[in-house]
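First comes the structure, then the notes that go with it.
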Amino acid sequence: MAFGEAAPLEPYDGVSLERCAAALEAHAAVLSGRALDGGAAMLDACRAADDLPQALAAVDLALWSLAGLREGRPVSALLTDRPLDAVPVNAVIGADDPEAAAAEAARAVRAGFTCLKVKAGVGDDAARLRAVRAAAGPDVLLRIDANGAWTAQEAPARLAELAEAGLELAEEPVHGVAALRAVRAASDVPLALDETGALPGAIGAGATDAVCLKISRAGGISALLAQAALVRASGAEPYLASTLDGPLGIAAALHCAAALRVTRACGLATLDLFEGLDPGPLAVRDGAIRVPREPGLGVKPAE
């Protein structure tokens, strides 16, 4: 049996569980009793009933999983004949206090992470970055995520200050395509957009060096692959992250990243945030997660 998964995250995407459930009910009504007449046609029928991406992702994941089960191959092998075996992932340093952030960084490095993402735009960012860099050592990649906390006028100075710690990239330092373009022109720190990606035309705008894509926000595997093609056509580099997805969403993202051969660390090491959930085959080892090799998505839904 094939399963899909919806992962709305209201604080991030504004989509409530109730809104997503209503969309899934509309999709279920469309699909009920319908013959399996092709995944694209079935997905289009669901989109016509309710085009909420977070709900469409659940249908799309189930259809790709079903295709893999029928073929006896993992989804990544359906997408390309040369997928990656494992996808590098970053650890998230969530502490505001520099000492606590340094302790988190040290634990992550001991666990094998080679890329750390540190929240910015809160408290003493410079002290926190210095502490994390000292704890992580010179070879670990550091990226910051400001979640659009700064204005286009103040961001260049903030980035210049934080760049002293050595930054791989700054994710969403400001919000909006025009603001990101302005900051990119005024800063030497590579930029990535995240939340801005929900705005019309932003994915392919070429306003940043990298673009963070998400299975749930895209509307599933099919839509994410199309977005990645658009990102690359614009001259930017795609990478993937989670919206606190469960095992199916993380597996889907891994199959996509593997097929796209993404080598930049992805924000998919999030299953440990769920109390009592065993990541199983999706556990992080040596800073990466192995792509499931079993047919379909290769994992079971969380119970």
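Just remember, in the structure tokens the first chain shown is A, the second B, etc., residues are 1-based per chain, and ligands are 1-based in the order shown.
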
Closest atom pairs, residues of segment 194-303 of chain A within 9 Å of segment 144-159 of chain A, only C-alpha atoms, as JSON lines:
{"residue": "A:Asp194", "atom": "CA", "partner": "A:Asn147", "partner_atom": "CA", "distance": 8.0}
{"residue": "A:Glu195", "atom": "CA", "partner": "A:Asn147", "partner_atom": "CA", "distance": 7.4}
{"residue": "A:Thr196", "atom": "CA", "partner": "A:Gly148", "partner_atom": "CA", "distance": 8.7}

Got time to write the residues from that selection, C-alpha atoms, as a PDB file, in the first residue's frame?
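Below is the file selection.pdb, written as the result:
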ATOM      1  CA  ASP A 194      13.462  30.601   1.724  1.00  0.00           C
ATOM      2  CA  GLU A 195      10.176  32.215   2.802  1.00  0.00           C
ATOM      3  CA  THR A 196      10.370  34.551  -0.185  1.00  0.00           C
TER       4      THR A 196
END

May I have a table of the residues of segment 243-294 of chain A lying at most 8 Å from segment 201-219 of chain A, giving each one's closest pair of atoms and their distance in Å to one decimal, counting only C-alpha atoms, ordered by chain and ascending residue number, as JSON lines?
{"residue": "A:Thr243", "atom": "CA", "partner": "A:Ser216", "partner_atom": "CA", "distance": 7.0}
{"residue": "A:Gly249", "atom": "CA", "partner": "A:Ile215", "partner_atom": "CA", "distance": 6.9}
{"residue": "A:Ala252", "atom": "CA", "partner": "A:Ile215", "partner_atom": "CA", "distance": 7.5}
{"residue": "A:Ala253", "atom": "CA", "partner": "A:Ile215", "partner_atom": "CA", "distance": 6.3}

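Going from atom CA of Asn90 of chain A over to atom CA of Ala136 of chain A, you cover 12.9 Å.
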
Inset, instruction - For segment 264-280 of chain A, list every protein, DNA or RNA residue within 6 Å, evaluated using only C-alpha atoms, and leave out those in the same chain fewer than 4 positions away; present the list as a ChimeraX atom specification. - result: /A:88-90,239-242

Inset, instruction - Name the residues in contact with segment 43-50 of chain A at a cut-off of 10 Å, using only C-alpha atoms, excluding same-chain residues fewer than 6 positions from it; report them as number ranges by chain. - result: A: 20, 22-31, 56-57, 59-60, 63, 219, 222

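Considering the residues A:Lys300, A:Pro295, A:Ala135, A:Ala165 and counting only C-alpha atoms, Gly72 of chain A has its shortest atom-to-atom contact with A:Pro295.
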